[in-house]
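Asks: protein.cif (mmCIF, C-alpha atoms) pasted underneath:
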```cif
data_query
loop_
_atom_site.label_atom_id
_atom_site.label_comp_id
_atom_site.auth_asym_id
_atom_site.auth_seq_id
_atom_site.Cartn_x
_atom_site.Cartn_y
_atom_site.Cartn_z
CA MET A 1 -23.21 -11.76 -66.66
CA ALA A 2 -20.51 -9.26 -65.77
CA HIS A 3 -21.06 -5.57 -66.57
CA ILE A 4 -17.98 -5.53 -68.85
CA LYS A 5 -16.50 -8.07 -71.27
CA VAL A 6 -14.26 -10.18 -69.04
CA PRO A 7 -13.15 -13.79 -69.79
CA GLU A 8 -16.27 -15.97 -69.43
CA GLY A 9 -16.59 -18.52 -66.63
CA VAL A 10 -13.60 -17.14 -64.69
CA PRO A 11 -14.79 -16.35 -61.16
CA GLY A 12 -14.66 -13.04 -59.27
CA ILE A 13 -11.48 -11.04 -59.00
CA ARG A 14 -9.56 -13.36 -61.37
CA SER A 15 -11.70 -12.31 -64.35
CA LEU A 16 -11.18 -8.62 -63.52
CA VAL A 17 -7.40 -8.76 -63.20
CA LEU A 18 -7.23 -10.63 -66.51
CA PHE A 19 -9.22 -7.76 -68.07
CA ARG A 20 -6.80 -5.16 -66.63
CA PRO A 21 -3.50 -6.78 -65.56
CA GLU A 22 -1.70 -3.42 -65.14
CA THR A 23 -3.75 -2.74 -61.99
CA GLY A 24 -4.37 -6.42 -61.18
CA LYS A 25 -0.66 -6.99 -60.63
CA TYR A 26 -0.56 -4.60 -57.66
CA LEU A 27 -3.87 -5.84 -56.24
CA TYR A 28 -2.42 -9.36 -56.08
CA GLU A 29 0.90 -8.17 -54.65
CA LEU A 30 -0.93 -6.14 -51.99
CA VAL A 31 -3.16 -9.00 -50.86
CA GLN A 32 -0.23 -11.44 -50.87
CA VAL A 33 1.91 -9.29 -48.53
CA LEU A 34 -1.13 -8.38 -46.40
CA LEU A 35 -2.49 -11.93 -45.91
CA ARG A 36 0.68 -14.04 -46.33
CA GLY A 37 3.58 -11.71 -45.51
CA GLU A 38 5.10 -11.18 -42.07
CA SER A 39 2.54 -10.01 -39.47
CA PRO A 40 1.84 -10.52 -35.75
CA LEU A 41 -1.58 -11.83 -36.86
CA THR A 42 -1.61 -15.46 -38.02
CA GLN A 43 -2.62 -16.30 -41.59
CA PRO A 44 -5.96 -17.86 -40.54
CA GLU A 45 -6.71 -14.80 -38.38
CA ARG A 46 -6.09 -12.52 -41.37
CA GLU A 47 -8.25 -14.65 -43.68
CA LEU A 48 -10.97 -14.56 -41.02
CA ILE A 49 -10.92 -10.75 -40.93
CA ALA A 50 -11.13 -10.70 -44.77
CA SER A 51 -14.09 -13.10 -44.76
CA TYR A 52 -15.87 -11.28 -41.90
CA VAL A 53 -15.66 -7.89 -43.64
CA SER A 54 -16.78 -9.44 -46.96
CA TYR A 55 -19.74 -10.97 -45.12
CA LEU A 56 -20.67 -7.53 -43.73
CA ASN A 57 -20.41 -6.13 -47.29
CA HIS A 58 -22.65 -8.95 -48.62
CA CYS A 59 -19.94 -10.00 -51.06
CA MET A 60 -20.66 -13.70 -51.53
CA PHE A 61 -17.56 -14.38 -53.65
CA CYS A 62 -14.96 -12.89 -51.28
CA MET A 63 -16.78 -14.08 -48.15
CA SER A 64 -16.96 -17.69 -49.36
CA SER A 65 -13.47 -17.94 -50.83
CA HIS A 66 -11.69 -16.37 -47.85
CA ALA A 67 -13.81 -18.39 -45.41
CA ALA A 68 -12.68 -21.52 -47.28
CA ALA A 69 -9.03 -20.40 -47.09
CA ALA A 70 -9.42 -19.66 -43.36
CA ARG A 71 -10.95 -23.13 -42.75
CA CYS A 72 -7.94 -24.78 -44.45
CA LEU A 73 -5.49 -22.69 -42.44
CA TYR A 74 -7.30 -23.19 -39.10
CA GLY A 75 -7.20 -26.97 -39.65
CA ASP A 76 -8.64 -28.60 -36.52
CA GLU A 77 -10.28 -25.34 -35.47
CA LYS A 78 -12.01 -24.79 -38.79
CA ASN A 79 -15.48 -24.42 -37.18
CA MET A 80 -14.25 -21.08 -35.81
CA VAL A 81 -14.91 -19.51 -39.21
CA ASP A 82 -18.60 -20.43 -39.28
CA GLU A 83 -18.99 -19.46 -35.63
CA VAL A 84 -17.61 -15.97 -36.34
CA LEU A 85 -19.74 -15.48 -39.45
CA HIS A 86 -22.80 -16.63 -37.51
CA ASP A 87 -22.29 -14.68 -34.28
CA MET A 88 -18.83 -13.19 -33.76
CA GLN A 89 -19.30 -12.06 -30.14
CA HIS A 90 -20.37 -15.54 -29.00
CA SER A 91 -17.75 -17.42 -31.02
CA HIS A 92 -14.66 -19.11 -29.58
CA VAL A 93 -12.10 -16.69 -31.05
CA SER A 94 -9.86 -15.07 -28.42
CA GLU A 95 -10.99 -11.90 -26.64
CA LYS A 96 -8.21 -10.05 -28.48
CA MET A 97 -9.52 -11.24 -31.87
CA LYS A 98 -13.02 -10.15 -30.86
CA THR A 99 -11.80 -6.59 -30.27
CA LEU A 100 -9.95 -6.65 -33.62
CA LEU A 101 -12.96 -8.05 -35.51
CA HIS A 102 -15.05 -5.35 -33.83
CA ILE A 103 -12.65 -2.71 -35.19
CA ALA A 104 -12.81 -4.36 -38.64
CA GLY A 105 -16.61 -4.09 -38.47
CA LYS A 106 -16.34 -0.38 -37.66
CA VAL A 107 -13.99 0.15 -40.62
CA GLN A 108 -16.52 -1.63 -42.86
CA ILE A 109 -19.07 1.08 -41.98
CA LEU A 110 -16.65 4.01 -42.33
CA GLY A 111 -13.16 4.88 -41.04
CA LYS A 112 -14.32 7.52 -38.57
CA GLN A 113 -16.50 4.95 -36.81
CA VAL A 114 -13.37 3.55 -35.12
CA SER A 115 -13.28 5.23 -31.69
CA GLN A 116 -10.49 5.71 -29.17
CA GLU A 117 -12.51 3.40 -26.92
CA ASP A 118 -12.37 0.61 -29.55
CA ILE A 119 -8.59 1.02 -29.77
CA ASP A 120 -8.18 1.10 -25.96
CA GLU A 121 -10.27 -2.07 -25.64
CA ALA A 122 -8.04 -3.87 -28.17
CA GLY A 123 -4.96 -2.61 -26.29
CA LYS A 124 -6.35 -3.97 -22.99
CA GLN A 125 -6.70 -7.39 -24.63
CA GLY A 126 -3.04 -7.25 -25.67
CA ALA A 127 -3.29 -6.02 -29.27
CA ASN A 128 -0.28 -3.99 -30.38
CA ASP A 129 -0.05 -1.20 -32.98
CA ARG A 130 0.98 -3.57 -35.77
CA GLU A 131 -2.02 -5.82 -35.11
CA ILE A 132 -4.37 -2.83 -35.07
CA HIS A 133 -2.76 -1.47 -38.26
CA ASP A 134 -3.03 -4.76 -40.13
CA THR A 135 -6.64 -5.26 -39.00
CA VAL A 136 -7.66 -1.79 -40.27
CA LEU A 137 -5.81 -2.21 -43.57
CA ILE A 138 -7.21 -5.71 -44.21
CA ALA A 139 -10.73 -4.44 -43.48
CA ALA A 140 -10.23 -1.39 -45.73
CA THR A 141 -8.70 -3.52 -48.50
CA PHE A 142 -11.67 -5.89 -48.53
CA CYS A 143 -14.03 -2.91 -48.69
CA MET A 144 -12.20 -2.28 -51.99
CA PHE A 145 -12.15 -5.89 -53.28
CA ASN A 146 -15.82 -6.44 -52.39
CA ARG A 147 -16.85 -3.33 -54.34
CA TYR A 148 -14.63 -4.18 -57.31
CA VAL A 149 -15.96 -7.75 -57.57
CA ASP A 150 -19.65 -6.85 -57.10
CA GLY A 151 -19.55 -3.40 -58.75
CA LEU A 152 -18.67 -5.08 -62.06
CA ALA A 153 -20.97 -8.05 -61.37
CA SER A 154 -18.18 -10.57 -61.88
CA PHE A 155 -19.05 -14.30 -61.95
CA THR A 156 -19.89 -15.67 -58.49
CA PRO A 157 -19.98 -19.52 -58.34
CA GLU A 158 -22.78 -20.88 -56.16
CA ASP A 159 -21.55 -24.37 -55.24
CA ALA A 160 -19.65 -24.92 -52.01
CA GLU A 161 -17.26 -27.32 -53.74
CA ALA A 162 -15.88 -24.58 -56.01
CA TYR A 163 -15.03 -22.44 -52.95
CA ALA A 164 -13.48 -25.38 -51.06
CA GLU A 165 -11.12 -25.87 -53.99
CA MET A 166 -10.39 -22.14 -54.25
CA GLY A 167 -9.73 -21.94 -50.49
CA LYS A 168 -7.29 -24.86 -50.70
CA ARG A 169 -5.38 -23.14 -53.51
CA MET A 170 -5.34 -19.82 -51.63
CA ALA A 171 -4.15 -21.52 -48.42
CA GLU A 172 -1.41 -23.52 -50.15
CA LYS A 173 -0.20 -21.22 -52.90
CA GLY A 174 -1.19 -17.75 -51.71
CA TYR A 175 -2.15 -15.03 -54.14
CA VAL A 176 -0.57 -15.45 -57.53
CA MET A 177 -1.67 -13.28 -60.43
CA PRO A 178 -3.47 -15.53 -62.98
CA GLN A 179 -1.64 -15.68 -66.28
CA GLN A 180 -4.50 -16.59 -68.61
CA ALA A 181 -8.23 -17.15 -68.74
CA THR A 182 -8.29 -20.66 -67.29
CA MET B 183 -3.59 12.08 -32.60
CA ALA B 184 -3.45 8.92 -34.67
CA HIS B 185 -4.65 5.62 -33.15
CA ILE B 186 -1.17 4.06 -33.59
CA LYS B 187 2.36 5.45 -33.25
CA VAL B 188 3.05 6.89 -36.71
CA PRO B 189 5.63 9.64 -37.48
CA GLU B 190 4.26 12.87 -35.98
CA GLY B 191 3.10 15.76 -38.17
CA VAL B 192 3.16 13.67 -41.37
CA PRO B 193 -0.28 13.95 -42.98
CA GLY B 194 -2.71 11.17 -43.92
CA ILE B 195 -1.64 8.18 -45.94
CA ARG B 196 2.04 9.21 -45.91
CA SER B 197 2.31 8.60 -42.15
CA LEU B 198 0.70 5.16 -42.52
CA VAL B 199 2.92 3.91 -45.34
CA LEU B 200 5.98 5.02 -43.37
CA PHE B 201 4.68 2.93 -40.44
CA ARG B 202 4.28 -0.14 -42.71
CA PRO B 203 6.25 0.27 -45.95
CA GLU B 204 5.81 -3.41 -46.95
CA THR B 205 2.15 -2.77 -47.72
CA GLY B 206 2.58 0.95 -48.48
CA LYS B 207 4.78 0.17 -51.48
CA TYR B 208 1.94 -1.60 -53.30
CA LEU B 209 -0.65 1.00 -52.27
CA TYR B 210 1.49 3.70 -53.92
CA GLU B 211 2.16 1.58 -57.01
CA LEU B 212 -1.55 0.83 -57.37
CA VAL B 213 -2.64 4.46 -57.12
CA GLN B 214 0.13 5.57 -59.48
CA VAL B 215 -0.92 3.17 -62.27
CA LEU B 216 -4.62 3.82 -61.61
CA LEU B 217 -4.48 7.64 -61.60
CA ARG B 218 -1.39 8.32 -63.75
CA GLY B 219 -0.98 5.25 -65.97
CA GLU B 220 -2.56 4.72 -69.38
CA SER B 221 -6.37 5.01 -69.32
CA PRO B 222 -9.14 6.32 -71.62
CA LEU B 223 -10.07 8.63 -68.70
CA THR B 224 -7.94 11.78 -68.42
CA GLN B 225 -5.83 12.36 -65.31
CA PRO B 226 -8.07 15.21 -64.03
CA GLU B 227 -11.17 13.02 -64.59
CA ARG B 228 -9.61 10.25 -62.52
CA GLU B 229 -8.61 12.65 -59.73
CA LEU B 230 -12.17 14.01 -59.79
CA ILE B 231 -13.64 10.51 -59.29
CA ALA B 232 -11.18 9.97 -56.38
CA SER B 233 -12.16 13.26 -54.76
CA TYR B 234 -15.91 12.72 -55.33
CA VAL B 235 -15.87 9.27 -53.68
CA SER B 236 -13.75 10.60 -50.78
CA TYR B 237 -16.29 13.39 -50.34
CA LEU B 238 -19.12 10.81 -50.17
CA ASN B 239 -17.06 8.89 -47.56
CA HIS B 240 -16.53 12.10 -45.54
CA CYS B 241 -12.76 11.65 -45.77
CA MET B 242 -11.50 15.22 -45.53
CA PHE B 243 -7.85 14.36 -46.21
CA CYS B 244 -8.38 12.38 -49.44
CA MET B 245 -11.20 14.64 -50.64
CA SER B 246 -9.14 17.82 -50.21
CA SER B 247 -5.85 16.51 -51.56
CA HIS B 248 -7.33 14.86 -54.67
CA ALA B 249 -9.57 17.89 -55.30
CA ALA B 250 -6.41 20.03 -55.21
CA ALA B 251 -4.64 17.67 -57.65
CA ALA B 252 -7.69 17.73 -59.96
CA ARG B 253 -7.77 21.56 -59.89
CA CYS B 254 -4.10 21.67 -60.96
CA LEU B 255 -4.69 19.15 -63.75
CA TYR B 256 -7.91 20.81 -65.00
CA GLY B 257 -6.05 24.14 -65.25
CA ASP B 258 -8.47 26.65 -66.80
CA GLU B 259 -11.44 24.48 -65.93
CA LYS B 260 -10.48 24.09 -62.28
CA ASN B 261 -13.92 25.30 -61.04
CA MET B 262 -15.31 22.01 -62.33
CA VAL B 263 -14.04 20.29 -59.18
CA ASP B 264 -15.98 22.50 -56.79
CA GLU B 265 -19.06 22.32 -59.01
CA VAL B 266 -19.01 18.50 -58.88
CA LEU B 267 -18.42 18.39 -55.12
CA HIS B 268 -21.25 20.90 -54.63
CA ASP B 269 -23.84 19.43 -57.01
CA MET B 270 -22.57 16.83 -59.49
CA GLN B 271 -25.73 16.53 -61.59
CA HIS B 272 -25.87 20.31 -62.24
CA SER B 273 -22.14 20.72 -62.85
CA HIS B 274 -20.52 21.33 -66.24
CA VAL B 275 -18.83 17.93 -66.53
CA SER B 276 -19.79 16.01 -69.69
CA GLU B 277 -22.90 13.83 -69.71
CA LYS B 278 -20.60 10.81 -69.98
CA MET B 279 -18.68 11.85 -66.84
CA LYS B 280 -21.99 12.33 -65.02
CA THR B 281 -22.95 8.71 -65.72
CA LEU B 282 -19.50 7.54 -64.57
CA LEU B 283 -19.60 9.65 -61.40
CA HIS B 284 -23.07 8.26 -60.77
CA ILE B 285 -21.62 4.72 -60.99
CA ALA B 286 -18.76 5.75 -58.65
CA GLY B 287 -21.40 6.97 -56.18
CA LYS B 288 -23.17 3.61 -56.35
CA VAL B 289 -19.87 1.77 -55.74
CA GLN B 290 -19.30 4.00 -52.69
CA ILE B 291 -22.52 2.62 -51.17
CA LEU B 292 -21.85 -1.03 -52.11
CA GLY B 293 -20.86 -2.94 -55.25
CA LYS B 294 -24.25 -4.53 -55.83
CA GLN B 295 -25.84 -1.06 -56.03
CA VAL B 296 -24.48 -0.70 -59.59
CA SER B 297 -27.38 -1.74 -61.84
CA GLN B 298 -27.50 -2.83 -65.47
CA GLU B 299 -29.42 0.38 -66.08
CA ASP B 300 -26.50 2.46 -64.73
CA ILE B 301 -24.12 0.63 -67.07
CA ASP B 302 -26.47 1.00 -70.06
CA GLU B 303 -26.83 4.72 -69.39
CA ALA B 304 -23.02 5.13 -69.36
CA GLY B 305 -22.82 3.13 -72.59
CA LYS B 306 -25.42 5.40 -74.24
CA GLN B 307 -23.24 8.39 -73.36
CA GLY B 308 -20.28 6.73 -75.07
CA ALA B 309 -18.46 5.15 -72.10
CA ASN B 310 -16.56 1.97 -73.04
CA ASP B 311 -15.71 -1.06 -70.88
CA ARG B 312 -12.28 0.29 -69.92
CA GLU B 313 -13.78 3.58 -68.73
CA ILE B 314 -16.42 1.73 -66.70
CA HIS B 315 -13.76 -0.61 -65.28
CA ASP B 316 -11.43 2.20 -64.27
CA THR B 317 -14.29 4.19 -62.71
CA VAL B 318 -15.38 1.22 -60.57
CA LEU B 319 -11.82 0.39 -59.52
CA ILE B 320 -10.95 4.00 -58.65
CA ALA B 321 -14.15 4.29 -56.60
CA ALA B 322 -13.46 0.96 -54.85
CA THR B 323 -9.82 1.90 -54.21
CA PHE B 324 -10.78 5.17 -52.55
CA CYS B 325 -13.28 3.31 -50.37
CA MET B 326 -10.14 1.54 -49.14
CA PHE B 327 -7.88 4.62 -48.80
CA ASN B 328 -10.59 6.65 -47.05
CA ARG B 329 -11.11 3.89 -44.47
CA TYR B 330 -7.36 3.37 -43.96
CA VAL B 331 -6.68 7.08 -43.44
CA ASP B 332 -9.68 7.72 -41.12
CA GLY B 333 -9.80 4.28 -39.48
CA LEU B 334 -6.36 4.96 -37.95
CA ALA B 335 -7.17 8.66 -37.35
CA SER B 336 -4.11 9.84 -39.26
CA PHE B 337 -3.21 13.54 -39.21
CA THR B 338 -5.58 15.66 -41.36
CA PRO B 339 -4.28 19.21 -41.98
CA GLU B 340 -7.00 21.87 -41.88
CA ASP B 341 -5.55 24.73 -43.91
CA ALA B 342 -6.35 25.01 -47.62
CA GLU B 343 -2.74 26.05 -48.37
CA ALA B 344 -1.37 22.69 -47.25
CA TYR B 345 -3.69 20.89 -49.68
CA ALA B 346 -2.92 23.28 -52.55
CA GLU B 347 0.76 22.38 -52.12
CA MET B 348 0.00 18.65 -51.85
CA GLY B 349 -2.19 18.80 -54.96
CA LYS B 350 0.57 20.53 -56.93
CA ARG B 351 3.05 17.80 -55.95
CA MET B 352 0.55 15.04 -56.78
CA ALA B 353 -0.23 16.63 -60.16
CA GLU B 354 3.42 17.19 -61.08
CA LYS B 355 5.19 14.20 -59.57
CA GLY B 356 2.46 11.58 -59.23
CA TYR B 357 2.48 9.07 -56.40
CA VAL B 358 5.93 8.34 -55.08
CA MET B 359 6.36 6.33 -51.92
CA PRO B 360 7.80 8.64 -49.22
CA GLN B 361 11.27 7.60 -48.11
CA GLN B 362 11.36 9.15 -44.67
CA ALA B 363 9.31 11.02 -42.13
CA THR B 364 9.54 14.50 -43.69
#
```
Would it be possible to restate this file's structure as structure tokens?
Replies:
Amino acid sequence: MAHIKVPEGVPGIRSLVLFRPETGKYLYELVQVLLRGESPLTQPERELIASYVSYLNHCMFCMSSHAAAARCLYGDEKNMVDEVLHDMQHSHVSEKMKTLLHIAGKVQILGKQVSQEDIDEAGKQGANDREIHDTVLIAATFCMFNRYVDGLASFTPEDAEAYAEMGKRMAEKGYVMPQQAT
Amino acid sequence: MAHIKVPEGVPGIRSLVLFRPETGKYLYELVQVLLRGESPLTQPERELIASYVSYLNHCMFCMSSHAAAARCLYGDEKNMVDEVLHDMQHSHVSEKMKTLLHIAGKVQILGKQVSQEDIDEAGKQGANDREIHDTVLIAATFCMFNRYVDGLASFTPEDAEAYAEMGKRMAEKGYVMPQQAT
């Protein structure tokens, strides 16, 4: 049961933004522009960063839902998601994505962990400033969402089917503020 | 020097939102509603939570600027801020605020660290669901800001005077998206 009285049976972040829509509104707008807006990183790449950071933060809800969204968006390459969550360095993502995921992992620990060497390595693999910026902000943003969702002990479904459905909705419709407790 | 090409000499978060205003807009709107909008927590209490979490995350820029804003807003009780940053449990904040700052400290580590016992203790001291919600979301949000600011190595002024001025502006004008690199 959640730590505060949120609508029952509504999973994760959705129950929290229904409890407090004044802040929820901007959380949804932020994640929509960050994961669906214009960026040199593709939508599946951005969902993968979100899922990877949530995995490092042990946030089952965000990890599973964004992994499901990434699988939908990767389509034929959907195994990439599980490969990265299992062993990022030996996965088939590009060398550039490996350097960006490495930076995201440093951000997950703490901002100052990101070294000039990490940035130079990403640059050598062709990452530009916008890609580095978006990687750091996505990683930082999920350090927020993960703590919000788990810090209030919001409802975390346990069946894979629920996440597959969520991922499909997130991939197709993006992030739309829920209007009521359904 | 920052890890990406942001406007020179512009401190912290301001340089980053000028680099990427599409996301910056929502970051400013979020922090404005969270720290200045309607809440059962006072504005200085909310700034204190922001500064305390930034201190725990070793983010000098956010810690110093939000401490300065809290000092302005506390007015006669401005020493409270330094007391809390020095030794929260022995400071003169209310027992209720101690339980909320304790929860914020747990969120800083990771969401799942917040226990039912922590929530019950806050409840016993009179904290309601909205106060607990806002505490967790402020703590989570500053886990994001701290990582964004330090993860891109944005400019962190070192003189106390610069922060005193920033704090005054934040206390008086709130959070307004900067329009240009000044």
Asks: The centre and edge lengths of an axis-aligned box containing all atoms of stretch 134-152 of chain A present in the file, extended by 8 Å on each side, are to be given in Å to one decimal, as AutoDock Vina command-line options.
Replies:
```
--center_x -11.3 --center_y -4.6 --center_z -50.5 --size_x 32.6 --size_y 22.4 --size_z 39.1
```
Asks: Please write the residues picked by the PyMOL selection byres ((chain A) within 9 of (chain B)) on this file as a ChimeraX atom specification.
Replies: /A:3-5,16,19-20,22-27,29-31,33-34,37,57-59,103,106-116,119,128-130,132-133,136-137,139-153
Asks: Can I have chain B aligned to chain A? Use a least-squares fit on all Cα atoms paired in order and write it out as a compact mmCIF listing (two decimals) with C-alpha atoms, keeping the file's coordinate frame.
Replies:
```
# COMPACT_ATOMS: atom_id res chain seq x y z
CA MET B 183 -23.21 -11.78 -66.69
CA ALA B 184 -20.53 -9.27 -65.78
CA HIS B 185 -21.08 -5.57 -66.58
CA ILE B 186 -17.99 -5.52 -68.86
CA LYS B 187 -16.51 -8.06 -71.28
CA VAL B 188 -14.27 -10.18 -69.03
CA PRO B 189 -13.15 -13.78 -69.79
CA GLU B 190 -16.25 -15.98 -69.44
CA GLY B 191 -16.59 -18.53 -66.63
CA VAL B 192 -13.60 -17.14 -64.70
CA PRO B 193 -14.80 -16.35 -61.17
CA GLY B 194 -14.65 -13.05 -59.28
CA ILE B 195 -11.48 -11.03 -59.01
CA ARG B 196 -9.56 -13.35 -61.37
CA SER B 197 -11.70 -12.31 -64.35
CA LEU B 198 -11.18 -8.62 -63.53
CA VAL B 199 -7.40 -8.75 -63.20
CA LEU B 200 -7.21 -10.61 -66.51
CA PHE B 201 -9.23 -7.76 -68.06
CA ARG B 202 -6.79 -5.16 -66.64
CA PRO B 203 -3.51 -6.78 -65.58
CA GLU B 204 -1.72 -3.41 -65.13
CA THR B 205 -3.76 -2.73 -62.00
CA GLY B 206 -4.37 -6.41 -61.17
CA LYS B 207 -0.66 -7.00 -60.62
CA TYR B 208 -0.56 -4.60 -57.66
CA LEU B 209 -3.87 -5.84 -56.24
CA TYR B 210 -2.42 -9.36 -56.09
CA GLU B 211 0.89 -8.16 -54.64
CA LEU B 212 -0.93 -6.14 -51.99
CA VAL B 213 -3.15 -9.01 -50.87
CA GLN B 214 -0.22 -11.43 -50.87
CA VAL B 215 1.91 -9.28 -48.53
CA LEU B 216 -1.13 -8.38 -46.40
CA LEU B 217 -2.48 -11.92 -45.91
CA ARG B 218 0.67 -14.04 -46.34
CA GLY B 219 3.59 -11.73 -45.50
CA GLU B 220 5.09 -11.19 -42.06
CA SER B 221 2.53 -10.01 -39.48
CA PRO B 222 1.84 -10.52 -35.75
CA LEU B 223 -1.59 -11.83 -36.86
CA THR B 224 -1.62 -15.46 -38.01
CA GLN B 225 -2.60 -16.30 -41.59
CA PRO B 226 -5.96 -17.86 -40.55
CA GLU B 227 -6.72 -14.78 -38.39
CA ARG B 228 -6.09 -12.52 -41.37
CA GLU B 229 -8.25 -14.65 -43.68
CA LEU B 230 -10.97 -14.56 -41.01
CA ILE B 231 -10.92 -10.74 -40.92
CA ALA B 232 -11.13 -10.71 -44.77
CA SER B 233 -14.09 -13.10 -44.76
CA TYR B 234 -15.87 -11.28 -41.89
CA VAL B 235 -15.67 -7.89 -43.64
CA SER B 236 -16.79 -9.45 -46.96
CA TYR B 237 -19.74 -10.97 -45.12
CA LEU B 238 -20.68 -7.53 -43.73
CA ASN B 239 -20.42 -6.14 -47.30
CA HIS B 240 -22.65 -8.96 -48.62
CA CYS B 241 -19.94 -10.00 -51.07
CA MET B 242 -20.65 -13.69 -51.54
CA PHE B 243 -17.56 -14.39 -53.66
CA CYS B 244 -14.96 -12.88 -51.28
CA MET B 245 -16.79 -14.07 -48.16
CA SER B 246 -16.97 -17.69 -49.37
CA SER B 247 -13.48 -17.94 -50.82
CA HIS B 248 -11.69 -16.36 -47.84
CA ALA B 249 -13.82 -18.38 -45.40
CA ALA B 250 -12.69 -21.51 -47.27
CA ALA B 251 -9.03 -20.40 -47.08
CA ALA B 252 -9.42 -19.67 -43.35
CA ARG B 253 -10.96 -23.13 -42.75
CA CYS B 254 -7.95 -24.78 -44.44
CA LEU B 255 -5.49 -22.69 -42.43
CA TYR B 256 -7.31 -23.19 -39.09
CA GLY B 257 -7.21 -26.97 -39.65
CA ASP B 258 -8.64 -28.59 -36.51
CA GLU B 259 -10.29 -25.36 -35.46
CA LYS B 260 -12.01 -24.79 -38.80
CA ASN B 261 -15.48 -24.41 -37.17
CA MET B 262 -14.25 -21.09 -35.82
CA VAL B 263 -14.93 -19.50 -39.21
CA ASP B 264 -18.61 -20.42 -39.27
CA GLU B 265 -18.99 -19.44 -35.62
CA VAL B 266 -17.61 -15.95 -36.34
CA LEU B 267 -19.74 -15.49 -39.46
CA HIS B 268 -22.80 -16.64 -37.51
CA ASP B 269 -22.28 -14.69 -34.27
CA MET B 270 -18.82 -13.18 -33.75
CA GLN B 271 -19.29 -12.05 -30.15
CA HIS B 272 -20.36 -15.55 -29.00
CA SER B 273 -17.74 -17.42 -31.02
CA HIS B 274 -14.65 -19.12 -29.58
CA VAL B 275 -12.10 -16.69 -31.05
CA SER B 276 -9.85 -15.07 -28.42
CA GLU B 277 -10.99 -11.91 -26.64
CA LYS B 278 -8.21 -10.06 -28.47
CA MET B 279 -9.51 -11.24 -31.87
CA LYS B 280 -13.02 -10.15 -30.87
CA THR B 281 -11.79 -6.60 -30.28
CA LEU B 282 -9.94 -6.64 -33.62
CA LEU B 283 -12.95 -8.04 -35.51
CA HIS B 284 -15.05 -5.37 -33.83
CA ILE B 285 -12.65 -2.71 -35.20
CA ALA B 286 -12.81 -4.36 -38.66
CA GLY B 287 -16.61 -4.10 -38.46
CA LYS B 288 -16.35 -0.39 -37.66
CA VAL B 289 -13.98 0.14 -40.62
CA GLN B 290 -16.52 -1.63 -42.86
CA ILE B 291 -19.07 1.08 -41.98
CA LEU B 292 -16.64 4.01 -42.33
CA GLY B 293 -13.17 4.89 -41.04
CA LYS B 294 -14.32 7.53 -38.57
CA GLN B 295 -16.50 4.93 -36.81
CA VAL B 296 -13.37 3.53 -35.11
CA SER B 297 -13.29 5.22 -31.69
CA GLN B 298 -10.50 5.69 -29.17
CA GLU B 299 -12.51 3.39 -26.93
CA ASP B 300 -12.36 0.60 -29.56
CA ILE B 301 -8.58 1.01 -29.77
CA ASP B 302 -8.18 1.09 -25.97
CA GLU B 303 -10.26 -2.07 -25.63
CA ALA B 304 -8.03 -3.87 -28.17
CA GLY B 305 -4.96 -2.62 -26.29
CA LYS B 306 -6.34 -3.97 -22.99
CA GLN B 307 -6.68 -7.39 -24.63
CA GLY B 308 -3.03 -7.25 -25.66
CA ALA B 309 -3.29 -6.03 -29.28
CA ASN B 310 -0.26 -3.98 -30.38
CA ASP B 311 -0.04 -1.20 -32.98
CA ARG B 312 0.97 -3.57 -35.78
CA GLU B 313 -2.02 -5.83 -35.11
CA ILE B 314 -4.37 -2.83 -35.07
CA HIS B 315 -2.76 -1.47 -38.26
CA ASP B 316 -3.03 -4.75 -40.13
CA THR B 317 -6.64 -5.25 -39.01
CA VAL B 318 -7.67 -1.80 -40.27
CA LEU B 319 -5.81 -2.21 -43.56
CA ILE B 320 -7.21 -5.70 -44.22
CA ALA B 321 -10.73 -4.44 -43.48
CA ALA B 322 -10.22 -1.39 -45.73
CA THR B 323 -8.70 -3.51 -48.50
CA PHE B 324 -11.67 -5.88 -48.54
CA CYS B 325 -14.02 -2.90 -48.71
CA MET B 326 -12.20 -2.27 -51.99
CA PHE B 327 -12.16 -5.88 -53.29
CA ASN B 328 -15.82 -6.45 -52.40
CA ARG B 329 -16.86 -3.33 -54.33
CA TYR B 330 -14.63 -4.18 -57.32
CA VAL B 331 -15.95 -7.74 -57.57
CA ASP B 332 -19.66 -6.84 -57.11
CA GLY B 333 -19.55 -3.40 -58.75
CA LEU B 334 -18.67 -5.07 -62.07
CA ALA B 335 -20.98 -8.05 -61.38
CA SER B 336 -18.19 -10.58 -61.89
CA PHE B 337 -19.05 -14.29 -61.96
CA THR B 338 -19.89 -15.67 -58.48
CA PRO B 339 -19.98 -19.50 -58.36
CA GLU B 340 -22.77 -20.89 -56.18
CA ASP B 341 -21.56 -24.36 -55.26
CA ALA B 342 -19.66 -24.90 -52.00
CA GLU B 343 -17.26 -27.32 -53.74
CA ALA B 344 -15.88 -24.59 -56.00
CA TYR B 345 -15.03 -22.46 -52.96
CA ALA B 346 -13.50 -25.38 -51.04
CA GLU B 347 -11.12 -25.87 -53.98
CA MET B 348 -10.38 -22.14 -54.24
CA GLY B 349 -9.72 -21.94 -50.50
CA LYS B 350 -7.29 -24.86 -50.68
CA ARG B 351 -5.36 -23.15 -53.49
CA MET B 352 -5.34 -19.82 -51.63
CA ALA B 353 -4.15 -21.50 -48.42
CA GLU B 354 -1.43 -23.53 -50.14
CA LYS B 355 -0.20 -21.23 -52.89
CA GLY B 356 -1.17 -17.76 -51.70
CA TYR B 357 -2.13 -15.03 -54.14
CA VAL B 358 -0.57 -15.45 -57.53
CA MET B 359 -1.68 -13.28 -60.41
CA PRO B 360 -3.46 -15.51 -62.97
CA GLN B 361 -1.62 -15.70 -66.28
CA GLN B 362 -4.48 -16.61 -68.57
CA ALA B 363 -8.20 -17.15 -68.72
CA THR B 364 -8.31 -20.66 -67.22
```
